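A.B. asks: Sending over data.cif (mmCIF, N, CA and C atoms).
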```
data_data
#
loop_
_atom_site.label_atom_id
_atom_site.label_comp_id
_atom_site.auth_asym_id
_atom_site.auth_seq_id
_atom_site.Cartn_x
_atom_site.Cartn_y
_atom_site.Cartn_z
N MET A 140 -26.45 -24.63 -12.56
CA MET A 140 -25.56 -23.52 -12.25
C MET A 140 -25.21 -22.80 -13.55
N ALA A 141 -25.30 -21.50 -13.53
CA ALA A 141 -24.98 -20.67 -14.69
C ALA A 141 -23.47 -20.50 -14.81
N THR A 142 -23.03 -20.30 -16.06
CA THR A 142 -21.64 -19.98 -16.33
C THR A 142 -21.59 -18.62 -17.01
N TYR A 143 -20.77 -17.74 -16.43
CA TYR A 143 -20.56 -16.42 -17.01
C TYR A 143 -19.12 -16.32 -17.46
N VAL A 144 -18.92 -15.78 -18.65
CA VAL A 144 -17.58 -15.55 -19.18
C VAL A 144 -17.39 -14.05 -19.33
N VAL A 145 -16.26 -13.58 -18.82
CA VAL A 145 -15.89 -12.17 -18.97
C VAL A 145 -14.63 -12.14 -19.83
N ILE A 146 -14.72 -11.48 -20.97
CA ILE A 146 -13.57 -11.35 -21.86
C ILE A 146 -13.00 -9.95 -21.66
N GLY A 147 -11.78 -9.91 -21.13
CA GLY A 147 -11.12 -8.64 -20.89
C GLY A 147 -10.45 -8.63 -19.53
N GLY A 148 -9.16 -8.41 -19.53
CA GLY A 148 -8.39 -8.47 -18.30
C GLY A 148 -8.03 -7.12 -17.73
N GLY A 149 -8.81 -6.11 -18.02
CA GLY A 149 -8.55 -4.79 -17.46
C GLY A 149 -9.47 -4.50 -16.30
N LEU A 150 -9.60 -3.24 -15.96
CA LEU A 150 -10.43 -2.83 -14.84
C LEU A 150 -11.89 -3.21 -15.07
N GLY A 151 -12.38 -3.07 -16.30
CA GLY A 151 -13.75 -3.45 -16.61
C GLY A 151 -14.00 -4.93 -16.36
N GLY A 152 -13.05 -5.76 -16.73
CA GLY A 152 -13.16 -7.19 -16.47
C GLY A 152 -13.17 -7.50 -14.99
N ALA A 153 -12.28 -6.84 -14.25
CA ALA A 153 -12.20 -7.06 -12.80
C ALA A 153 -13.51 -6.67 -12.12
N ARG A 154 -14.02 -5.51 -12.46
CA ARG A 154 -15.26 -5.06 -11.84
C ARG A 154 -16.45 -5.94 -12.25
N SER A 155 -16.40 -6.46 -13.46
CA SER A 155 -17.48 -7.34 -13.94
C SER A 155 -17.51 -8.64 -13.15
N VAL A 156 -16.35 -9.28 -12.95
CA VAL A 156 -16.36 -10.55 -12.20
C VAL A 156 -16.74 -10.30 -10.74
N GLU A 157 -16.33 -9.17 -10.22
CA GLU A 157 -16.68 -8.82 -8.84
C GLU A 157 -18.20 -8.69 -8.69
N GLU A 158 -18.82 -7.98 -9.63
CA GLU A 158 -20.27 -7.77 -9.57
C GLU A 158 -21.02 -9.07 -9.85
N LEU A 159 -20.55 -9.86 -10.82
CA LEU A 159 -21.20 -11.14 -11.10
C LEU A 159 -21.18 -12.05 -9.88
N ARG A 160 -20.05 -12.08 -9.19
CA ARG A 160 -19.98 -12.93 -7.99
C ARG A 160 -20.96 -12.46 -6.94
N GLU A 161 -21.10 -11.15 -6.80
CA GLU A 161 -22.04 -10.61 -5.82
C GLU A 161 -23.48 -10.95 -6.20
N LEU A 162 -23.79 -10.89 -7.49
CA LEU A 162 -25.15 -11.17 -7.95
C LEU A 162 -25.50 -12.65 -7.93
N ASP A 163 -24.51 -13.51 -8.18
CA ASP A 163 -24.77 -14.95 -8.26
C ASP A 163 -23.62 -15.69 -7.56
N GLY A 164 -23.82 -15.99 -6.31
CA GLY A 164 -22.79 -16.63 -5.50
C GLY A 164 -22.45 -18.04 -5.90
N ASP A 165 -23.30 -18.68 -6.70
CA ASP A 165 -23.08 -20.08 -7.08
C ASP A 165 -22.58 -20.26 -8.51
N ALA A 166 -22.56 -19.21 -9.28
CA ALA A 166 -22.23 -19.33 -10.71
C ALA A 166 -20.77 -19.69 -10.92
N ARG A 167 -20.51 -20.33 -12.05
CA ARG A 167 -19.14 -20.49 -12.53
C ARG A 167 -18.82 -19.20 -13.28
N ILE A 168 -17.69 -18.58 -12.92
CA ILE A 168 -17.27 -17.34 -13.57
C ILE A 168 -15.86 -17.53 -14.10
N VAL A 169 -15.69 -17.22 -15.39
CA VAL A 169 -14.40 -17.36 -16.05
C VAL A 169 -13.99 -16.02 -16.62
N LEU A 170 -12.82 -15.54 -16.22
CA LEU A 170 -12.26 -14.31 -16.78
C LEU A 170 -11.19 -14.70 -17.78
N ILE A 171 -11.28 -14.20 -19.00
CA ILE A 171 -10.29 -14.46 -20.05
C ILE A 171 -9.56 -13.15 -20.32
N GLY A 172 -8.25 -13.15 -20.06
CA GLY A 172 -7.46 -11.95 -20.25
C GLY A 172 -6.17 -12.25 -20.99
N GLY A 173 -5.86 -11.47 -21.99
CA GLY A 173 -4.69 -11.71 -22.83
C GLY A 173 -3.35 -11.48 -22.14
N GLU A 174 -3.31 -10.61 -21.15
CA GLU A 174 -2.06 -10.38 -20.45
C GLU A 174 -1.86 -11.45 -19.38
N PRO A 175 -0.61 -11.76 -19.06
CA PRO A 175 -0.36 -12.84 -18.10
C PRO A 175 -0.52 -12.43 -16.64
N MET A 176 -0.96 -11.20 -16.37
CA MET A 176 -1.12 -10.77 -14.99
C MET A 176 -2.57 -10.45 -14.69
N LEU A 177 -2.87 -10.35 -13.40
CA LEU A 177 -4.22 -10.03 -12.97
C LEU A 177 -4.64 -8.67 -13.53
N PRO A 178 -5.95 -8.45 -13.66
CA PRO A 178 -6.43 -7.15 -14.16
C PRO A 178 -5.89 -6.00 -13.31
N TYR A 179 -5.53 -4.92 -13.99
CA TYR A 179 -5.00 -3.74 -13.32
C TYR A 179 -5.52 -2.50 -14.01
N GLU A 180 -5.43 -1.37 -13.30
CA GLU A 180 -5.84 -0.09 -13.85
C GLU A 180 -4.75 0.42 -14.78
N ARG A 181 -5.12 0.96 -15.92
CA ARG A 181 -4.14 1.44 -16.89
C ARG A 181 -3.61 2.86 -16.61
N PRO A 182 -4.46 3.82 -16.18
CA PRO A 182 -3.95 5.20 -16.02
C PRO A 182 -2.70 5.34 -15.14
N PRO A 183 -2.56 4.60 -14.03
CA PRO A 183 -1.35 4.78 -13.22
C PRO A 183 -0.05 4.39 -13.94
N LEU A 184 -0.15 3.65 -15.05
CA LEU A 184 1.06 3.28 -15.78
C LEU A 184 1.83 4.52 -16.24
N SER A 185 1.10 5.54 -16.66
CA SER A 185 1.76 6.73 -17.20
C SER A 185 2.05 7.77 -16.13
N LYS A 186 1.74 7.44 -14.90
CA LYS A 186 1.95 8.41 -13.83
C LYS A 186 2.78 7.79 -12.72
N ASP A 187 2.12 7.31 -11.70
CA ASP A 187 2.79 6.80 -10.50
C ASP A 187 3.75 5.66 -10.78
N TYR A 188 3.41 4.78 -11.72
CA TYR A 188 4.28 3.64 -12.01
C TYR A 188 5.60 4.10 -12.65
N LEU A 189 5.50 4.96 -13.64
CA LEU A 189 6.71 5.45 -14.30
C LEU A 189 7.60 6.26 -13.34
N LEU A 190 6.99 6.92 -12.39
CA LEU A 190 7.75 7.70 -11.42
C LEU A 190 8.34 6.82 -10.31
N GLY A 191 7.94 5.54 -10.30
CA GLY A 191 8.43 4.62 -9.27
C GLY A 191 7.74 4.79 -7.94
N GLU A 192 6.61 5.51 -7.93
CA GLU A 192 5.89 5.75 -6.69
C GLU A 192 4.95 4.62 -6.32
N LYS A 193 4.55 3.81 -7.29
CA LYS A 193 3.66 2.68 -7.04
C LYS A 193 4.12 1.48 -7.85
N GLN A 194 3.79 0.32 -7.33
CA GLN A 194 4.05 -0.94 -8.02
C GLN A 194 2.73 -1.46 -8.58
N ILE A 195 2.80 -2.45 -9.45
CA ILE A 195 1.60 -2.99 -10.09
C ILE A 195 0.56 -3.44 -9.06
N ALA A 196 0.98 -3.99 -7.95
CA ALA A 196 0.03 -4.44 -6.92
C ALA A 196 -0.79 -3.29 -6.35
N ASP A 197 -0.24 -2.08 -6.41
CA ASP A 197 -0.95 -0.92 -5.87
C ASP A 197 -2.16 -0.52 -6.71
N PHE A 198 -2.19 -0.92 -7.97
CA PHE A 198 -3.34 -0.58 -8.80
C PHE A 198 -3.94 -1.82 -9.47
N THR A 199 -3.82 -2.94 -8.76
CA THR A 199 -4.50 -4.18 -9.14
C THR A 199 -5.70 -4.29 -8.20
N PRO A 200 -6.92 -4.12 -8.72
CA PRO A 200 -8.08 -4.03 -7.83
C PRO A 200 -8.44 -5.33 -7.10
N LEU A 201 -8.13 -6.47 -7.70
CA LEU A 201 -8.45 -7.75 -7.07
C LEU A 201 -7.19 -8.60 -7.00
N ALA A 202 -6.78 -8.95 -5.80
CA ALA A 202 -5.59 -9.79 -5.62
C ALA A 202 -5.86 -11.21 -6.09
N GLY A 203 -4.80 -11.94 -6.34
CA GLY A 203 -4.94 -13.33 -6.75
C GLY A 203 -5.75 -14.14 -5.76
N SER A 204 -5.59 -13.84 -4.49
CA SER A 204 -6.34 -14.57 -3.46
C SER A 204 -7.84 -14.31 -3.59
N TRP A 205 -8.22 -13.12 -4.08
CA TRP A 205 -9.64 -12.85 -4.27
C TRP A 205 -10.25 -13.83 -5.26
N PHE A 206 -9.54 -14.08 -6.35
CA PHE A 206 -10.05 -15.00 -7.37
C PHE A 206 -10.23 -16.40 -6.78
N ALA A 207 -9.26 -16.85 -6.01
CA ALA A 207 -9.36 -18.17 -5.37
C ALA A 207 -10.48 -18.19 -4.33
N ASP A 208 -10.53 -17.18 -3.49
CA ASP A 208 -11.54 -17.12 -2.42
C ASP A 208 -12.96 -17.04 -2.97
N HIS A 209 -13.12 -16.43 -4.13
CA HIS A 209 -14.45 -16.25 -4.71
C HIS A 209 -14.72 -17.20 -5.87
N GLN A 210 -13.86 -18.17 -6.02
CA GLN A 210 -14.01 -19.21 -7.04
C GLN A 210 -14.27 -18.63 -8.43
N VAL A 211 -13.40 -17.71 -8.81
CA VAL A 211 -13.42 -17.15 -10.16
C VAL A 211 -12.18 -17.66 -10.88
N GLU A 212 -12.41 -18.30 -12.01
CA GLU A 212 -11.31 -18.86 -12.80
C GLU A 212 -10.72 -17.76 -13.68
N ALA A 213 -9.45 -17.46 -13.47
CA ALA A 213 -8.77 -16.44 -14.27
C ALA A 213 -7.87 -17.14 -15.28
N ARG A 214 -8.22 -17.06 -16.53
CA ARG A 214 -7.40 -17.61 -17.61
C ARG A 214 -6.57 -16.46 -18.18
N LEU A 215 -5.43 -16.26 -17.57
CA LEU A 215 -4.56 -15.14 -17.95
C LEU A 215 -3.57 -15.57 -19.02
N GLY A 216 -3.16 -14.63 -19.84
CA GLY A 216 -2.27 -14.95 -20.95
C GLY A 216 -2.98 -15.73 -22.04
N THR A 217 -4.29 -15.61 -22.07
CA THR A 217 -5.13 -16.34 -23.02
C THR A 217 -6.07 -15.36 -23.71
N PHE A 218 -6.17 -15.48 -25.01
CA PHE A 218 -7.05 -14.61 -25.78
C PHE A 218 -8.31 -15.34 -26.22
N ALA A 219 -9.41 -14.64 -26.24
CA ALA A 219 -10.62 -15.15 -26.88
C ALA A 219 -10.41 -14.96 -28.38
N ILE A 220 -10.43 -16.05 -29.14
CA ILE A 220 -10.14 -15.94 -30.57
C ILE A 220 -11.36 -16.12 -31.44
N ASN A 221 -12.43 -16.68 -30.86
CA ASN A 221 -13.64 -16.88 -31.64
C ASN A 221 -14.82 -16.93 -30.69
N LEU A 222 -15.90 -16.32 -31.10
CA LEU A 222 -17.12 -16.30 -30.30
C LEU A 222 -18.25 -16.83 -31.17
N ASP A 223 -18.84 -17.92 -30.75
CA ASP A 223 -20.00 -18.47 -31.44
C ASP A 223 -21.23 -18.11 -30.63
N ALA A 224 -21.86 -17.00 -30.99
CA ALA A 224 -22.99 -16.49 -30.22
C ALA A 224 -24.20 -17.42 -30.30
N ASP A 225 -24.40 -18.09 -31.44
CA ASP A 225 -25.53 -19.00 -31.56
C ASP A 225 -25.39 -20.18 -30.61
N GLU A 226 -24.19 -20.74 -30.51
CA GLU A 226 -23.94 -21.89 -29.63
C GLU A 226 -23.53 -21.48 -28.22
N ARG A 227 -23.26 -20.17 -28.04
CA ARG A 227 -22.83 -19.62 -26.75
C ARG A 227 -21.54 -20.27 -26.26
N ILE A 228 -20.54 -20.21 -27.14
CA ILE A 228 -19.22 -20.78 -26.85
C ILE A 228 -18.15 -19.76 -27.19
N VAL A 229 -17.18 -19.63 -26.28
CA VAL A 229 -15.99 -18.82 -26.54
C VAL A 229 -14.82 -19.77 -26.73
N HIS A 230 -14.11 -19.62 -27.84
CA HIS A 230 -12.91 -20.42 -28.11
C HIS A 230 -11.70 -19.56 -27.78
N THR A 231 -10.72 -20.16 -27.12
CA THR A 231 -9.57 -19.40 -26.66
C THR A 231 -8.27 -19.85 -27.33
N SER A 232 -7.26 -19.01 -27.19
CA SER A 232 -5.98 -19.23 -27.86
C SER A 232 -5.22 -20.43 -27.33
N ASP A 233 -5.61 -20.96 -26.18
CA ASP A 233 -4.95 -22.16 -25.65
C ASP A 233 -5.63 -23.45 -26.12
N GLY A 234 -6.54 -23.32 -27.09
CA GLY A 234 -7.20 -24.49 -27.67
C GLY A 234 -8.41 -24.97 -26.88
N ARG A 235 -8.76 -24.27 -25.85
CA ARG A 235 -9.91 -24.65 -25.04
C ARG A 235 -11.13 -23.83 -25.46
N SER A 236 -12.26 -24.20 -24.93
CA SER A 236 -13.47 -23.43 -25.16
C SER A 236 -14.31 -23.43 -23.89
N VAL A 237 -15.19 -22.44 -23.79
CA VAL A 237 -16.07 -22.31 -22.63
C VAL A 237 -17.47 -22.04 -23.14
N ARG A 238 -18.39 -22.86 -22.71
CA ARG A 238 -19.80 -22.63 -23.00
C ARG A 238 -20.33 -21.68 -21.92
N TYR A 239 -21.14 -20.71 -22.30
CA TYR A 239 -21.59 -19.71 -21.34
C TYR A 239 -23.10 -19.51 -21.39
N ASP A 240 -23.62 -19.04 -20.26
CA ASP A 240 -25.01 -18.60 -20.17
C ASP A 240 -25.09 -17.08 -20.28
N GLY A 241 -24.05 -16.42 -19.81
CA GLY A 241 -23.96 -14.97 -19.89
C GLY A 241 -22.54 -14.57 -20.27
N LEU A 242 -22.43 -13.50 -21.04
CA LEU A 242 -21.13 -13.06 -21.55
C LEU A 242 -20.97 -11.56 -21.34
N VAL A 243 -19.80 -11.17 -20.87
CA VAL A 243 -19.45 -9.76 -20.75
C VAL A 243 -18.24 -9.51 -21.64
N LEU A 244 -18.35 -8.55 -22.53
CA LEU A 244 -17.21 -8.13 -23.35
C LEU A 244 -16.67 -6.84 -22.73
N ALA A 245 -15.52 -6.97 -22.08
CA ALA A 245 -14.90 -5.83 -21.39
C ALA A 245 -13.49 -5.64 -21.92
N THR A 246 -13.39 -5.59 -23.24
CA THR A 246 -12.08 -5.57 -23.88
C THR A 246 -11.43 -4.20 -23.93
N GLY A 247 -12.16 -3.17 -23.58
CA GLY A 247 -11.56 -1.84 -23.59
C GLY A 247 -11.24 -1.37 -25.00
N SER A 248 -10.14 -0.66 -25.10
CA SER A 248 -9.76 -0.11 -26.40
C SER A 248 -8.26 -0.24 -26.59
N ARG A 249 -7.82 0.07 -27.78
CA ARG A 249 -6.40 0.08 -28.10
C ARG A 249 -6.05 1.41 -28.74
N PRO A 250 -4.87 1.92 -28.43
CA PRO A 250 -4.48 3.16 -29.11
C PRO A 250 -4.24 2.90 -30.59
N ARG A 251 -4.59 3.86 -31.39
CA ARG A 251 -4.34 3.75 -32.83
C ARG A 251 -2.90 4.10 -33.12
N SER A 252 -2.32 3.36 -34.00
CA SER A 252 -0.99 3.72 -34.48
C SER A 252 -1.15 4.77 -35.57
N VAL A 253 -0.26 5.70 -35.57
CA VAL A 253 -0.29 6.73 -36.60
C VAL A 253 0.81 6.47 -37.62
N ASP A 254 0.51 6.75 -38.85
CA ASP A 254 1.48 6.54 -39.92
C ASP A 254 2.16 7.87 -40.22
N LEU A 255 3.17 8.18 -39.41
CA LEU A 255 3.92 9.42 -39.56
C LEU A 255 5.40 9.10 -39.74
N PRO A 256 6.12 9.95 -40.43
CA PRO A 256 7.56 9.72 -40.54
C PRO A 256 8.20 9.68 -39.15
N GLY A 257 9.03 8.68 -38.93
CA GLY A 257 9.76 8.56 -37.67
C GLY A 257 9.06 7.75 -36.60
N VAL A 258 7.82 7.33 -36.84
CA VAL A 258 7.07 6.63 -35.80
C VAL A 258 7.70 5.28 -35.44
N SER A 259 8.46 4.71 -36.34
CA SER A 259 9.08 3.41 -36.05
C SER A 259 10.52 3.55 -35.55
N ARG A 260 10.96 4.77 -35.31
CA ARG A 260 12.33 4.99 -34.82
C ARG A 260 12.47 4.52 -33.38
N PRO A 261 13.68 4.13 -32.99
CA PRO A 261 13.92 3.76 -31.60
C PRO A 261 13.56 4.92 -30.66
N GLY A 262 12.91 4.60 -29.57
CA GLY A 262 12.51 5.62 -28.61
C GLY A 262 11.09 6.11 -28.79
N VAL A 263 10.46 5.84 -29.95
CA VAL A 263 9.06 6.19 -30.16
C VAL A 263 8.25 4.97 -29.73
N GLN A 264 7.34 5.19 -28.80
CA GLN A 264 6.68 4.04 -28.20
C GLN A 264 5.22 4.33 -27.89
N THR A 265 4.41 3.30 -27.93
CA THR A 265 3.03 3.35 -27.49
C THR A 265 2.97 2.84 -26.06
N LEU A 266 2.18 3.48 -25.23
CA LEU A 266 2.01 3.05 -23.85
C LEU A 266 0.58 2.56 -23.68
N ARG A 267 0.44 1.22 -23.64
CA ARG A 267 -0.90 0.65 -23.52
C ARG A 267 -1.00 -0.43 -22.46
N ASN A 268 0.13 -0.98 -22.00
CA ASN A 268 0.07 -2.05 -21.00
C ASN A 268 1.34 -2.04 -20.15
N LEU A 269 1.42 -2.97 -19.23
CA LEU A 269 2.54 -3.01 -18.30
C LEU A 269 3.87 -3.25 -19.02
N ASP A 270 3.90 -4.11 -20.01
CA ASP A 270 5.14 -4.34 -20.76
C ASP A 270 5.63 -3.06 -21.42
N ASP A 271 4.71 -2.30 -22.02
CA ASP A 271 5.08 -1.02 -22.64
C ASP A 271 5.62 -0.05 -21.58
N ALA A 272 4.98 -0.02 -20.42
CA ALA A 272 5.43 0.87 -19.35
C ALA A 272 6.82 0.49 -18.87
N ASP A 273 7.08 -0.82 -18.77
CA ASP A 273 8.42 -1.26 -18.35
C ASP A 273 9.49 -0.86 -19.36
N LEU A 274 9.18 -0.97 -20.66
CA LEU A 274 10.13 -0.54 -21.69
C LEU A 274 10.39 0.96 -21.61
N LEU A 275 9.32 1.72 -21.44
CA LEU A 275 9.46 3.17 -21.34
C LEU A 275 10.24 3.55 -20.08
N LYS A 276 9.96 2.88 -18.98
CA LYS A 276 10.67 3.16 -17.72
C LYS A 276 12.17 2.89 -17.88
N ALA A 277 12.50 1.77 -18.53
CA ALA A 277 13.91 1.45 -18.77
C ALA A 277 14.57 2.52 -19.63
N PHE A 278 13.86 2.99 -20.64
CA PHE A 278 14.39 4.05 -21.50
C PHE A 278 14.60 5.34 -20.71
N LEU A 279 13.64 5.68 -19.87
CA LEU A 279 13.78 6.90 -19.07
C LEU A 279 14.92 6.79 -18.07
N ASP A 280 15.15 5.58 -17.56
CA ASP A 280 16.23 5.37 -16.59
C ASP A 280 17.62 5.39 -17.25
N THR A 281 17.70 4.84 -18.47
CA THR A 281 19.02 4.67 -19.11
C THR A 281 19.27 5.60 -20.27
N GLY A 282 18.20 6.09 -20.90
CA GLY A 282 18.34 6.91 -22.09
C GLY A 282 18.56 6.07 -23.34
N GLU A 283 18.51 4.75 -23.18
CA GLU A 283 18.71 3.83 -24.31
C GLU A 283 17.40 3.15 -24.67
N PRO A 284 16.96 3.26 -25.94
CA PRO A 284 15.74 2.55 -26.33
C PRO A 284 15.97 1.04 -26.35
N SER A 285 14.93 0.30 -26.05
CA SER A 285 15.02 -1.17 -26.03
C SER A 285 14.83 -1.75 -27.40
#
```
Can you turn what I pasted into structure tokens?
C.D. replies:
Amino acid sequence: MATYVVIGGGLGGARSVEELRELDGDARIVLIGGEPMLPYERPPLSKDYLLGEKQIADFTPLAGSWFADHQVEARLGTFAINLDADERIVHTSDGRSVRYDGLVLATGSRPRSVDLPGVSRPGVQTLRNLDDADLLKAFLDTGEPS
């Protein structure tokens, strides 16, 4: 039985495990994602989520039950910290490792921080994940930076 590891807990990671399961119904599939929640789409964070029109479940493409039903191991809140391509092993932040036959890197991107005067002032924020969106939402609701 083959083992596939998908590094990245965003939409790319979700779609990758979905496709891998469809292609190989017997494989062991491990998703490694740094955030503690299931993969979700990022664009709605700055739109529908901030407006209170949608909740995180509304833009989470695969429910937790999908992972269980399709026997995909989701290691959430865990980072890939080292990749040994010669040995085909991924080492993770929880001290574990996974040997793989196939690897998908679906880490996406990160916004660049800019070095401008005032960028570290209260109320100036980067929006890149659900935690950032929650902080921004609280600020918009109260007018007080966190």
A.B. asks: With distances taken over only C-alpha atoms, which residue among A:Asp240, A:Val169, A:Asp271, A:Gly262 lies nearest Glu283 in chain A?
C.D. replies: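 Answer, going by the shortest atom-to-atom distance: A:Gly262.
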A.B. asks: Each residue of range 166-251 of chain A lying at most 12 Å from range 151-157 of chain A should get a row with its shortest atom-to-atom pair and the distance in Å to one decimal, counting only C-alpha atoms; could you produce that, ordered by chain and increasing number, as a Markdown table?
C.D. replies:
```
| residue | atom | partner | partner_atom | distance |
| --- | --- | --- | --- | --- |
| A:Ala166 | CA | A:Val156 | CA | 10.7 |
| A:Arg167 | CA | A:Val156 | CA | 10.3 |
| A:Ile168 | CA | A:Val156 | CA | 7.0 |
| A:Val169 | CA | A:Val156 | CA | 8.1 |
| A:Leu170 | CA | A:Gly152 | CA | 7.2 |
| A:Ile171 | CA | A:Gly152 | CA | 8.6 |
| A:Gly172 | CA | A:Gly152 | CA | 8.3 |
| A:Gly173 | CA | A:Gly152 | CA | 11.5 |
| A:Met176 | CA | A:Ala153 | CA | 11.9 |
| A:Leu177 | CA | A:Ala153 | CA | 8.5 |
| A:Pro178 | CA | A:Ala153 | CA | 5.9 |
| A:Tyr179 | CA | A:Ala153 | CA | 7.9 |
| A:Glu180 | CA | A:Gly151 | CA | 9.0 |
| A:Arg181 | CA | A:Gly151 | CA | 10.8 |
| A:Phe198 | CA | A:Ala153 | CA | 11.7 |
| A:Thr199 | CA | A:Ala153 | CA | 9.0 |
| A:Pro200 | CA | A:Ala153 | CA | 7.1 |
| A:Leu201 | CA | A:Ala153 | CA | 6.9 |
| A:Ala202 | CA | A:Ala153 | CA | 10.1 |
| A:Gly203 | CA | A:Ala153 | CA | 11.3 |
| A:Trp205 | CA | A:Glu157 | CA | 9.3 |
| A:Phe206 | CA | A:Val156 | CA | 9.1 |
| A:Asp208 | CA | A:Glu157 | CA | 11.7 |
| A:His209 | CA | A:Glu157 | CA | 8.8 |
| A:Gln210 | CA | A:Val156 | CA | 10.4 |
| A:Val211 | CA | A:Val156 | CA | 7.5 |
| A:Glu212 | CA | A:Val156 | CA | 9.7 |
| A:Ala213 | CA | A:Val156 | CA | 9.8 |
| A:Arg214 | CA | A:Gly152 | CA | 12.0 |
| A:Leu215 | CA | A:Gly152 | CA | 11.8 |
| A:Gly241 | CA | A:Ser155 | CA | 11.6 |
| A:Leu242 | CA | A:Ser155 | CA | 10.2 |
| A:Val243 | CA | A:Ser155 | CA | 7.5 |
| A:Leu244 | CA | A:Gly152 | CA | 8.0 |
| A:Ala245 | CA | A:Gly152 | CA | 5.4 |
| A:Thr246 | CA | A:Gly152 | CA | 7.7 |
| A:Gly247 | CA | A:Gly151 | CA | 7.5 |
| A:Ser248 | CA | A:Gly151 | CA | 11.1 |
```
A.B. asks: So that I can check the surroundings of Lys276 in chain A, please list as number ranges by chain every protein, DNA and RNA residue that reaches within 8 Å of it, counting all atoms listed in the file and ignoring chain neighbours fewer than 4 positions away.
C.D. replies: A: 188-190, 270-272, 280-282
A.B. asks: Can you work out the spacing between atom C of Gln264 in chain A and atom C of Gly191 in chain A in Å, to one decimal?
C.D. replies: 20.1 Å
A.B. asks: When DSSP is applied to the backbone of this structure, which of range 161-266 of chain A are assigned alpha helix (DSSP H)? Write them out as a list in words.
C.D. replies: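 Going through range 161-266 of chain A, the alpha helix (DSSP H) residues come out as Glu161, Leu162, Gly203, Ser204, Trp205, Phe206, Ala207 and Asp208 of chain A.
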A.B. asks: Which one of A:Glu174, A:Asp165, A:Asp225, A:Asp273 sits closest to Gly149 in chain A if you count only N, CA and C atoms?
C.D. replies: A:Glu174
A.B. asks: Any chance you could work out the residue set of the PyMOL selection byres ((chain A and resi 239) around 7) here, as an MDAnalysis selection string?
C.D. replies: chainID A and resid 141:144 226:229 237:238 240:242
A.B. asks: For a test of reading the model, state the distance in Å between CA of Leu184 in chain A and atom N of Glu158 in chain A, rounded to one decimal.
C.D. replies: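 About the pair CA of Leu184 in chain A and atom N of Glu158 in chain A: they are 23.7 Å apart.
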A.B. asks: As number ranges by chain, please: every residue in range 182-243 of chain A that a backbone DSSP assignment puts in strand (DSSP E).
C.D. replies: A: 211-215, 219-223, 228-231, 236-238, 241-243
A.B. asks: Take atom C of Pro250 in chain A and atom N of Leu266 in chain A and report the distance between them in Å, one decimal.
C.D. replies: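 Interatomic distance here is 8.4 Å.
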